[in-house]
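Asker: Structure in structure tokens, see below.
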Amino acid sequence: MSIKTEEQELVCAVCGEKSSQTVILECEPDRSVPDLDMRPGEPHRSYIKYWVSKCPHCGYCNASIEIPVLFTKEYLQSGSYNKYDDSLSGSFMKMSLVCEKNKVYDEALKACLYAAWAYDDEENDEKAVECRRAAVKIFDSHRAYFSEKPDILLLLADIMRRSGSFERVVSEYGKRFMGSGLMTAIAAYEAELAGKKDSSCHKADEAPGVSVK
Ligand SMILES: [Zn+2]
């Protein structure tokens with residue numbers, strides 16, 4: 001047992017309707033070496049599908065449909081919300097829009113990244129790049145919010161490299177102190193990979209001087 005889930009009747013915070021949702025009750029700690037963007041290895045890698053819930057009545061997508069929102073349910077009928085489909089990636093992109101509306105910008109950024117991971121698994125590189133660029137856009141739109149979040153700043157280096165923004169990674173991370181030796185080493189490695197125009201996935205412990213265990 002690495003994960004224990006349960007079906008629960010939850011009330012949607014947007015429309016007030018009840019629906020059956022899969023809820024994680026317990027999860028063993030992740031002991032895998034993550035990718036540079038902190039994507040866990042198996043078995044946790046497969047649990048991504050439990051990270052987003054959708055209300056079947058109004059289409060509200062979030063980590064839980066019980067999370068209150070700062071908008072009315074009409075927003076969920078808008079074209080900008082419904083340009084994404086009901087796939088796992090589409091649900092994460094909707095969750096990203098919801099989190100941005102709720103002003104929880106780090107969750108909005110990460111939801112784009114999770115959407116990209118789902119597209120990575122489908123080997124849909126074009127869509128994965130689109131989602132990573134959406135994550136960068138959230139960062140650029142809310143810079144003040146992210147200024148005190150070095151973990152997100154580091155994550156962004158990988159998101160930008162994986163979506164081809166090599167020059168920006170080299171110029172912004174090449175010689176930057178990130179607040180700790182470990183984070184600085186990873187940032188320097190991201191800049192090194194970007195300098196080689198390498199947009200592929202790498203493990204965190206490939207960075208020189210970084211030991212995950
Ligand atoms: Zn609902």
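Naming works like this for the structure tokens: A, B, ... for the chains as they're shown, residue 1 at the start of each chain, ligands 1 onward in shown order.
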Using DSSP assignments from the backbone, pull out every residue in stretch 76-132 of chain A that falls under helix (DSSP H, G or I) and give it to me as a PyMOL selection string.
Answerer: chain A and resi 76-77+79-82+88-101+105-121+125-132
Asker: Only C-alpha atoms, please: the residues just picked out, written as a JSON list (two decimals), in the first residue's frame.
Answerer:
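Written output follows (selection06.json):
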[["chain", "number", "residue", "atom", "x", "y", "z"],
["A", 76, "LEU", "CA", -17.15, 28.32, -15.22],
["A", 77, "GLN", "CA", -19.36, 28.79, -18.30],
["A", 79, "GLY", "CA", -15.12, 30.63, -23.12],
["A", 80, "SER", "CA", -11.75, 31.13, -21.46],
["A", 81, "TYR", "CA", -12.54, 28.40, -18.91],
["A", 82, "ASN", "CA", -14.04, 26.00, -21.43],
["A", 88, "LEU", "CA", -6.36, 15.22, -17.06],
["A", 89, "SER", "CA", -4.27, 18.00, -18.64],
["A", 90, "GLY", "CA", -7.38, 20.06, -19.40],
["A", 91, "SER", "CA", -8.62, 19.68, -15.83],
["A", 92, "PHE", "CA", -5.27, 20.92, -14.48],
["A", 93, "MET", "CA", -5.39, 23.92, -16.82],
["A", 94, "LYS", "CA", -8.89, 24.72, -15.53],
["A", 95, "MET", "CA", -7.57, 24.32, -11.97],
["A", 96, "SER", "CA", -4.83, 26.79, -12.89],
["A", 97, "LEU", "CA", -7.40, 29.38, -14.04],
["A", 98, "VAL", "CA", -9.39, 28.84, -10.83],
["A", 99, "CYS", "CA", -6.29, 29.23, -8.62],
["A", 100, "GLU", "CA", -5.27, 32.39, -10.47],
["A", 101, "LYS", "CA", -8.78, 33.82, -9.92],
["A", 105, "TYR", "CA", -0.60, 32.04, -7.80],
["A", 106, "ASP", "CA", 1.90, 29.34, -6.81],
["A", 107, "GLU", "CA", -0.84, 26.69, -7.09],
["A", 108, "ALA", "CA", -1.92, 28.24, -10.41],
["A", 109, "LEU", "CA", 1.65, 27.94, -11.70],
["A", 110, "LYS", "CA", 2.05, 24.37, -10.46],
["A", 111, "ALA", "CA", -1.28, 23.28, -11.98],
["A", 112, "CYS", "CA", 0.11, 24.31, -15.41],
["A", 113, "LEU", "CA", 3.18, 22.21, -14.68],
["A", 114, "TYR", "CA", 1.03, 19.19, -13.72],
["A", 115, "ALA", "CA", -0.88, 19.64, -17.00],
["A", 116, "ALA", "CA", 2.49, 19.59, -18.79],
["A", 117, "TRP", "CA", 3.44, 16.35, -17.00],
["A", 118, "ALA", "CA", 0.22, 14.72, -18.17],
["A", 119, "TYR", "CA", 1.04, 15.81, -21.74],
["A", 120, "ASP", "CA", 4.64, 14.57, -21.28],
["A", 121, "ASP", "CA", 3.19, 11.13, -20.52],
["A", 125, "ASP", "CA", 5.47, 17.85, -26.70],
["A", 126, "GLU", "CA", 3.69, 20.77, -28.33],
["A", 127, "LYS", "CA", 0.92, 20.87, -25.71],
["A", 128, "ALA", "CA", 3.39, 20.28, -22.87],
["A", 129, "VAL", "CA", 5.38, 23.33, -24.04],
["A", 130, "GLU", "CA", 2.16, 25.39, -24.17],
["A", 131, "CYS", "CA", 1.36, 24.50, -20.54],
["A", 132, "ARG", "CA", 4.89, 25.33, -19.38]]
Asker: Could you pull out the residues sitting within 7 Å of ligand 1, using only C-alpha atoms and all ligand atoms, and write them as an MDAnalysis selection string?
Answerer: chainID A and resid 12:17 55:60
Asker: Take the selection from the previous step and output its residues with C-alpha atoms, as a CSV table (one decimal), in the first residue's frame.
Answerer:
chain,number,residue,atom,x,y,z
A,12,CYS,CA,-19.2,21.7,-4.5
A,13,ALA,CA,-18.1,25.1,-3.1
A,14,VAL,CA,-19.3,26.8,-6.3
A,15,CYS,CA,-22.7,25.2,-7.2
A,16,GLY,CA,-23.6,23.5,-3.9
A,17,GLU,CA,-24.3,20.1,-5.6
A,55,CYS,CA,-17.6,18.8,-10.1
A,56,PRO,CA,-19.7,17.0,-12.6
A,57,HIS,CA,-22.5,19.5,-12.2
A,58,CYS,CA,-20.7,22.9,-12.9
A,59,GLY,CA,-17.3,21.9,-14.1
A,60,TYR,CA,-15.4,23.4,-11.2
Asker: Can you pull out every residue within 10 Å of A:Ser2, counting only C-alpha atoms, but drop anything in the same chain fewer than 4 positions away, and send it as a PyMOL selection string?
Answerer: chain A and resi 26-30+43-44+47
Asker: Near A:Ser64, counting only C-alpha atoms, which residues have an atom at most 9 Å away, once you skip same-chain residues fewer than 2 positions from it, shown as a list in words?
Answerer: Leu10, Cys12, Gln21, Val23, Trp51, Val52, Ser53, Lys54, Cys61, Asn62, Glu66 and Ile67 of chain A
Asker: Name all residues at most 7 Å from A:Ala185 (count only C-alpha atoms; drop same-chain ones fewer than 5 positions away) and give them as an NGL selection string.
Answerer: :A and (207-209)
Asker: Could you turn the residues from that selection into a file that holds N, CA and C atoms, as a tab-separated table (two decimals), in the first residue's frame?
Answerer:
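Okay, this is what ended up in again.tsv:
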chain	number	residue	atom	x	y	z
A	207	ALA	N	22.65	17.12	-11.08
A	207	ALA	CA	23.34	18.40	-10.91
A	207	ALA	C	24.60	18.19	-10.09
A	208	PRO	N	25.76	18.71	-10.57
A	208	PRO	CA	27.01	18.49	-9.83
A	208	PRO	C	26.91	18.98	-8.39
A	209	GLY	N	27.32	18.11	-7.46
A	209	GLY	CA	27.31	18.49	-6.06
A	209	GLY	C	25.97	18.30	-5.37
Asker: Could you pull the residues within 7 Å of stretch 154-164 of chain A, counting only C-alpha atoms, minus those fewer than 5 positions along the same chain, as a PyMOL selection string?
Answerer: chain A and resi 36-37+129+132-133+136+169+187+190+194+199-200
Asker: Would you mind reading off the distance between atom CA of A:Arg168 and atom CA of A:Tyr145, one decimal, in Å?
Answerer: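 Answer for the atom CA of A:Arg168 to atom CA of A:Tyr145 separation: 20.0 Å.
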Asker: When you count only C-alpha atoms, which of these residues is closest to A:Lys103: A:Asn124, A:Lys83, A:Leu70, A:Lys137?
Answerer: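 The closest residue to A:Lys103 is A:Leu70.
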Asker: For atom CA of A:Ser87 and atom CA of A:Phe71, determine how far apart the two atoms are, in Å to one decimal place.
Answerer: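 Atom-to-atom, atom CA of A:Ser87 and atom CA of A:Phe71 are spaced 23.3 Å apart.
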Asker: Using only C-alpha atoms for the distances, tell me which of A:Tyr50, A:Ala134, A:Ser180, A:Glu167 is nearest to A:Asp151.
Answerer: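 Among the listed residues, A:Ser180 lies closest to A:Asp151.
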Asker: Report, in Å with one decimal, the straight-line distance from atom CA of A:Ser211 to atom CA of A:Ser46.
Answerer: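 These two atoms are separated by 23.9 Å.
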Asker: For A:Arg31, which residue among A:Cys201, A:Arg45, A:Lys18, A:Glu122 is the nearest when counting only C-alpha atoms?
Answerer: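 Closest candidate: A:Arg45.
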